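Student: This is entry09.cif (mmCIF, C-alpha atoms).
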data_target
loop_
_atom_site.label_atom_id
_atom_site.label_comp_id
_atom_site.auth_asym_id
_atom_site.auth_seq_id
_atom_site.Cartn_x
_atom_site.Cartn_y
_atom_site.Cartn_z
CA MET A 1 141.31 192.59 183.67
CA LEU A 2 140.50 195.82 181.87
CA LEU A 3 140.28 195.98 178.08
CA ASP A 4 143.67 197.68 177.71
CA GLY A 5 145.29 194.78 179.51
CA LYS A 6 143.53 192.22 177.35
CA ILE A 7 144.57 194.05 174.18
CA GLU A 8 148.16 194.13 175.40
CA GLU A 9 148.08 190.38 176.13
CA ALA A 10 146.57 189.58 172.75
CA VAL A 11 149.08 191.75 170.89
CA SER A 12 151.94 190.18 172.82
CA LEU A 13 150.74 186.65 172.06
CA ILE A 14 150.25 187.38 168.35
CA GLY A 15 153.68 188.98 168.13
CA SER A 16 155.40 186.09 169.90
CA VAL A 17 153.68 183.52 167.68
CA PHE A 18 154.86 185.30 164.54
CA ALA A 19 158.37 185.68 165.99
CA GLU A 20 158.68 182.01 166.93
CA ASN A 21 156.83 180.48 163.99
CA ALA A 22 157.98 181.72 160.62
CA ALA A 23 155.84 179.03 158.98
CA ASN A 24 152.77 179.95 157.03
CA ALA A 25 150.03 181.41 159.21
CA CYS A 26 146.38 182.07 158.47
CA VAL A 27 143.36 183.45 160.30
CA THR A 28 139.80 182.18 159.94
CA CYS A 29 137.07 184.79 159.78
CA SER A 30 133.29 184.50 159.65
CA PHE A 31 133.03 188.30 159.81
CA GLN A 32 131.31 188.22 163.17
CA THR A 33 132.28 190.74 165.84
CA GLU A 34 135.11 188.80 167.49
CA CYS A 35 136.48 187.86 164.08
CA MET A 36 136.82 191.52 163.18
CA VAL A 37 138.69 192.21 166.41
CA LEU A 38 141.09 189.35 165.72
CA VAL A 39 141.65 190.30 162.09
CA ASP A 40 142.32 193.90 163.07
CA LEU A 41 144.93 192.76 165.61
CA VAL A 42 146.58 190.20 163.34
CA ILE A 43 146.87 192.33 160.20
CA ALA A 44 148.66 194.96 162.28
CA HIS A 45 151.50 192.41 162.49
CA ARG A 46 151.11 190.81 159.06
CA PRO A 47 148.89 192.79 156.65
CA ASN A 48 148.89 190.13 153.95
CA ILE A 49 148.02 187.14 156.13
CA PRO A 50 145.48 184.86 154.39
CA VAL A 51 141.99 185.42 155.83
CA LEU A 52 140.02 182.21 155.36
CA PHE A 53 136.25 182.49 154.91
CA LEU A 54 133.99 179.45 154.66
CA GLU A 55 131.87 180.05 151.57
CA THR A 56 129.05 177.62 152.38
CA GLY A 57 126.63 179.04 149.83
CA TYR A 58 124.04 179.49 152.58
CA HIS A 59 125.12 182.79 154.16
CA PHE A 60 122.83 185.77 154.64
CA PRO A 61 123.02 188.37 151.85
CA GLU A 62 124.08 190.83 154.54
CA THR A 63 127.05 188.63 155.41
CA TYR A 64 128.32 188.57 151.85
CA ALA A 65 127.90 192.33 151.47
CA TYR A 66 129.69 192.99 154.77
CA ARG A 67 132.48 190.55 153.89
CA ASP A 68 133.11 192.36 150.62
CA ARG A 69 132.94 195.81 152.22
CA MET A 70 135.35 194.96 155.03
CA THR A 71 137.71 193.10 152.69
CA GLU A 72 138.03 196.26 150.63
CA ARG A 73 138.23 198.59 153.63
CA LEU A 74 140.94 196.58 155.40
CA ARG A 75 142.59 195.35 152.19
CA LEU A 76 142.33 191.77 153.36
CA ASN A 77 143.98 188.86 151.60
CA LEU A 78 140.65 186.99 151.49
CA VAL A 79 140.60 183.29 150.67
CA ASN A 80 137.13 181.79 150.12
CA LEU A 81 136.97 178.08 150.96
CA ALA A 82 134.12 176.20 149.31
CA SER A 83 132.74 172.67 149.31
CA LYS A 84 133.58 170.37 146.41
CA GLN A 85 129.87 170.45 145.50
CA THR A 86 127.75 173.50 144.83
CA VAL A 87 124.62 173.98 146.93
CA GLU A 88 122.54 172.87 143.97
CA GLN A 89 124.59 169.70 143.45
CA GLN A 90 124.45 168.80 147.12
CA GLU A 91 120.71 169.37 147.43
CA SER A 92 120.06 167.43 144.22
CA GLN A 93 122.02 164.43 145.49
CA PHE A 94 121.28 164.47 149.22
CA GLY A 95 118.22 166.69 149.72
CA ILE A 96 118.06 169.55 152.21
CA LEU A 97 120.67 168.35 154.66
CA TYR A 98 120.51 171.39 156.92
CA GLN A 99 116.96 170.30 157.78
CA ASP A 100 117.43 166.55 158.01
CA ALA A 101 121.10 166.11 158.90
CA PRO A 102 122.72 169.40 159.96
CA ASP A 103 125.90 167.68 161.15
CA ARG A 104 126.39 166.17 157.70
CA CYS A 105 125.70 169.52 156.02
CA CYS A 106 128.26 171.26 158.24
CA GLY A 107 130.69 168.46 157.54
CA MET A 108 130.40 168.89 153.79
CA ARG A 109 130.19 172.66 153.57
CA LYS A 110 132.34 173.80 156.50
CA VAL A 111 134.51 171.11 158.08
CA GLU A 112 135.93 169.42 154.97
CA PRO A 113 136.64 172.67 153.07
CA LEU A 114 138.32 174.24 156.11
CA PHE A 115 140.50 171.25 156.94
CA ARG A 116 141.49 170.99 153.28
CA GLY A 117 142.34 174.70 153.28
CA LEU A 118 144.26 174.58 156.56
CA ASP A 119 146.54 171.81 155.35
CA GLY A 120 148.83 174.37 153.73
CA TYR A 121 149.48 176.31 156.94
CA GLY A 122 151.39 175.84 160.16
CA VAL A 123 149.62 178.38 162.39
CA TRP A 124 145.87 178.90 162.67
CA PHE A 125 144.55 182.04 164.40
CA THR A 126 140.95 181.78 165.61
CA ALA A 127 138.56 184.22 167.28
CA LEU A 128 137.20 181.66 169.73
CA ARG A 129 136.26 182.88 173.20
CA ARG A 130 135.51 180.89 176.36
CA GLU A 131 132.36 182.90 177.02
CA GLN A 132 130.76 181.86 173.74
CA SER A 133 129.45 178.47 174.88
CA PRO A 134 129.97 175.66 177.42
CA SER A 135 131.84 173.68 174.76
CA ARG A 136 134.50 176.42 174.70
CA ALA A 137 134.80 177.02 178.45
CA ASN A 138 138.22 175.37 178.70
CA LEU A 139 139.67 176.99 175.60
CA GLN A 140 143.42 177.59 175.76
CA PRO A 141 145.02 180.61 174.05
CA VAL A 142 147.60 178.32 172.45
CA ASP A 143 146.96 174.69 171.61
CA HIS A 144 147.80 172.06 169.02
CA PHE A 145 145.27 170.84 166.50
CA ARG A 146 145.65 167.73 164.39
CA LEU A 147 143.99 167.62 160.98
CA PRO A 148 142.51 164.39 159.60
CA THR A 149 145.61 164.15 157.38
CA GLY A 150 147.73 163.86 160.52
CA LYS A 151 149.29 167.29 160.12
CA GLN A 152 149.49 169.24 163.36
CA LEU A 153 148.85 172.97 163.51
CA LEU A 154 149.51 175.54 166.19
CA LYS A 155 146.03 176.84 167.01
CA VAL A 156 146.08 180.32 168.55
CA SER A 157 143.07 182.01 170.15
CA PRO A 158 144.23 185.44 171.40
CA LEU A 159 140.70 186.44 172.48
CA ALA A 160 140.09 183.37 174.65
CA ALA A 161 139.51 185.40 177.83
CA TRP A 162 137.62 188.28 176.18
CA THR A 163 133.97 188.95 177.01
CA ASN A 164 131.33 190.06 174.57
CA ALA A 165 131.51 193.51 176.17
CA ASP A 166 135.26 193.60 175.50
CA VAL A 167 134.68 192.78 171.84
CA TRP A 168 132.11 195.52 171.32
CA ALA A 169 134.19 198.06 173.24
CA TYR A 170 137.21 197.32 171.04
CA LEU A 171 135.20 197.68 167.84
CA LYS A 172 133.78 200.99 169.05
CA ARG A 173 137.24 202.23 170.00
CA ARG A 174 138.63 201.28 166.58
CA ASP A 175 135.55 202.56 164.72
CA ILE A 176 135.00 199.19 163.04
CA PRO A 177 131.42 198.72 161.82
CA VAL A 178 129.65 195.44 162.55
CA LEU A 179 127.60 193.09 160.44
CA PRO A 180 124.14 194.77 160.29
CA LEU A 181 122.37 191.60 161.43
CA TYR A 182 123.54 192.31 164.98
CA HIS A 183 121.33 195.38 165.00
CA GLN A 184 118.36 193.09 164.29
CA GLY A 185 119.00 191.13 167.49
CA TYR A 186 121.19 188.28 166.26
CA THR A 187 124.01 187.38 168.62
CA SER A 188 125.77 184.56 166.73
CA ILE A 189 125.59 184.45 162.95
CA GLY A 190 126.24 181.53 160.64
CA CYS A 191 124.39 180.11 157.66
CA ALA A 192 120.99 181.71 157.16
CA PRO A 193 118.86 178.51 157.35
CA CYS A 194 120.46 177.53 160.67
CA THR A 195 120.59 180.93 162.34
CA SER A 196 117.75 182.55 164.26
CA LEU A 197 117.36 185.11 167.01
CA PRO A 198 118.66 183.76 170.34
CA SER A 199 116.16 181.72 172.33
CA ASP A 200 118.13 182.29 175.54
CA PRO A 201 119.43 185.83 176.12
CA GLU A 202 122.13 184.39 178.38
CA ASN A 203 123.45 182.09 175.64
CA MET A 204 124.73 183.95 172.57
CA ARG A 205 124.80 180.75 170.48
CA SER A 206 121.26 179.63 171.39
CA GLY A 207 120.05 180.84 168.00
CA ARG A 208 122.28 178.42 166.11
CA TRP A 209 120.90 175.16 164.68
CA ALA A 210 117.61 175.67 166.55
CA GLY A 211 119.38 174.63 169.74
CA LYS A 212 120.09 171.13 168.39
CA LYS A 213 123.86 171.47 168.74
CA LEU A 214 126.58 173.92 169.81
CA GLU A 215 129.34 173.39 167.24
CA CYS A 216 129.58 172.85 163.50
CA GLY A 217 132.57 170.56 164.01
CA ILE A 218 135.53 172.58 162.80
CA HIS A 219 136.93 173.07 166.30
CA ILE A 220 136.87 169.40 167.24
CA ALA A 221 140.31 167.87 166.86
CA SER A 222 140.78 164.51 165.15
CA GLU A 223 141.37 161.59 167.49
#
Would you put the structure from the file into structure tokens?

Tutor:
Amino acid sequence: MLLDGKIEEAVSLIGSVFAENAANACVTCSFQTECMVLVDLVIAHRPNIPVLFLETGYHFPETYAYRDRMTERLRLNLVNLASKQTVEQQESQFGILYQDAPDRCCGMRKVEPLFRGLDGYGVWFTALRREQSPSRANLQPVDHFRLPTGKQLLKVSPLAAWTNADVWAYLKRRDIPVLPLYHQGYTSIGCAPCTSLPSDPENMRSGRWAGKKLECGIHIASE
């Protein structure tokens, strides 16, 4: 399907979700390329939708600067979600977890803050795409997601079928600048200590966590 068709499908899905679910909705955004596409599409329907950003304390300086620039440019209703401990408190108590126990670090600085933040919403828009990794190959545009509290959210991924080329073409068409780290060769950008240039040019997420894992844990539903 051509890009115009994918845009039309995404817009239609977003519109129908808002029409059928008057409950509180939010969109998560790491300010990567696909996130900017999603935010641009969603705020066209609901300009004041809360845009949730995981403030881990470990992001690249470029990420923070870009977040602030795009928040101002798009007038985003930005909500920063942070861990209950500062980086300094966590490292003092547990050491450098991103080196010794990256799953635990992600759990404390990403998973717990996000799930706590999501508890106040009924609809969760994400920028996940099937092409991103094998763990996302069966991603559905609309699914249900249960939080550890037992609350169930409607999880909506309008870009599920989009390719990386689609994402970049949309951003070019809309004249939306990208996080400068992409121009340095990064293809998937998270916390600075756990992000490197891709080791496999065919796998956009191969630069995350030194290849030790594919997901931080926030997209794994509670059993």

Student: Under the PyMOL selection byres ((chain A and resi 145-152) around 8), which residues of this model are included? Write them out as a list in words.

Tutor: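 Applying the PyMOL selection byres ((chain A and resi 145-152) around 8) to the structure shown produces Phe115, Asp119, Gly122, Asp143, His144, Leu153, Leu154, Lys155, Ala221 and Ser222 of chain A.
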
Student: Up to 10 Å from (136.8, 181.3, 173.4) in the file's coordinates: name the residues, counting only C-alpha atoms, as number ranges by chain.

Tutor: A: 34, 126-141, 157-163

Student: Could you list, as a ChimeraX atom specification, every residue matched by the PyMOL selection byres ((chain A and resi 83) around 6) in this structure?

Tutor: /A:82,84-85,109,113

Student: I would like the residues chosen by the PyMOL selection byres ((chain A and resi 171) around 12) on the shown file; could you give them as an NGL selection string?

Tutor: :A and (3 or 7 or 32-41 or 164-170 or 172-179)

Student: Pick from A:Leu118, A:Cys105, A:Leu2, A:Val27: nearest to Asn77 in chain A, with all atoms listed in the file counted?

Tutor: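 Of the candidates, the smallest distance to Asn77 in chain A is held by A:Val27.
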
Student: Would you compute the distance between CA of Arg75 in chain A and CA of Ile43 in chain A? Give it in Å to one decimal.

Tutor: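 That distance, rounded to one decimal, is 9.6 Å.
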
Student: Work out how far apart CA of Thr28 in chain A and CA of Tyr64 in chain A are and give it in Å to one decimal.

Tutor: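 Between CA of Thr28 in chain A and CA of Tyr64 in chain A the gap works out to 15.4 Å.
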
Student: If we draw a sphere of 7 Å around (135.6, 183.4, 152.0), which residues have at least one atom in it when counting all atoms listed in the file? Please report them as a list in words.

Tutor: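 Here is the list of nearby residues: Leu52, Phe53, Leu54, Glu55, Leu78, Val79, Asn80 and Leu81 of chain A.
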
Student: CA of Ala23 in chain A and CA of Asp68 in chain A, how far apart in Å?

Tutor: 27.6 Å

Student: Between A:Ala25, A:Gly95, A:Leu181, A:Gly107, single out the one closest to Thr63 in chain A, counting only C-alpha atoms.

Tutor: A:Leu181

Student: Return the single residue from A:Val87, A:Tyr98, A:Glu112, A:Phe18 that is closest to Thr195 in chain A, with distances computed using all atoms listed in the file.

Tutor: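 Of A:Val87, A:Tyr98, A:Glu112, A:Phe18, the one nearest Thr195 in chain A, counting all atoms listed in the file, is A:Tyr98.
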
Student: How big is the axis-aligned box around all listed atoms of range 171-179 of chain A once 4 Å goes on each side, and where's its centre, in Å to one decimal, as AutoDock Vina command-line options?

Tutor:
--center_x 133.1 --center_y 197.8 --center_z 165.2 --size_x 19.0 --size_y 17.5 --size_z 17.6
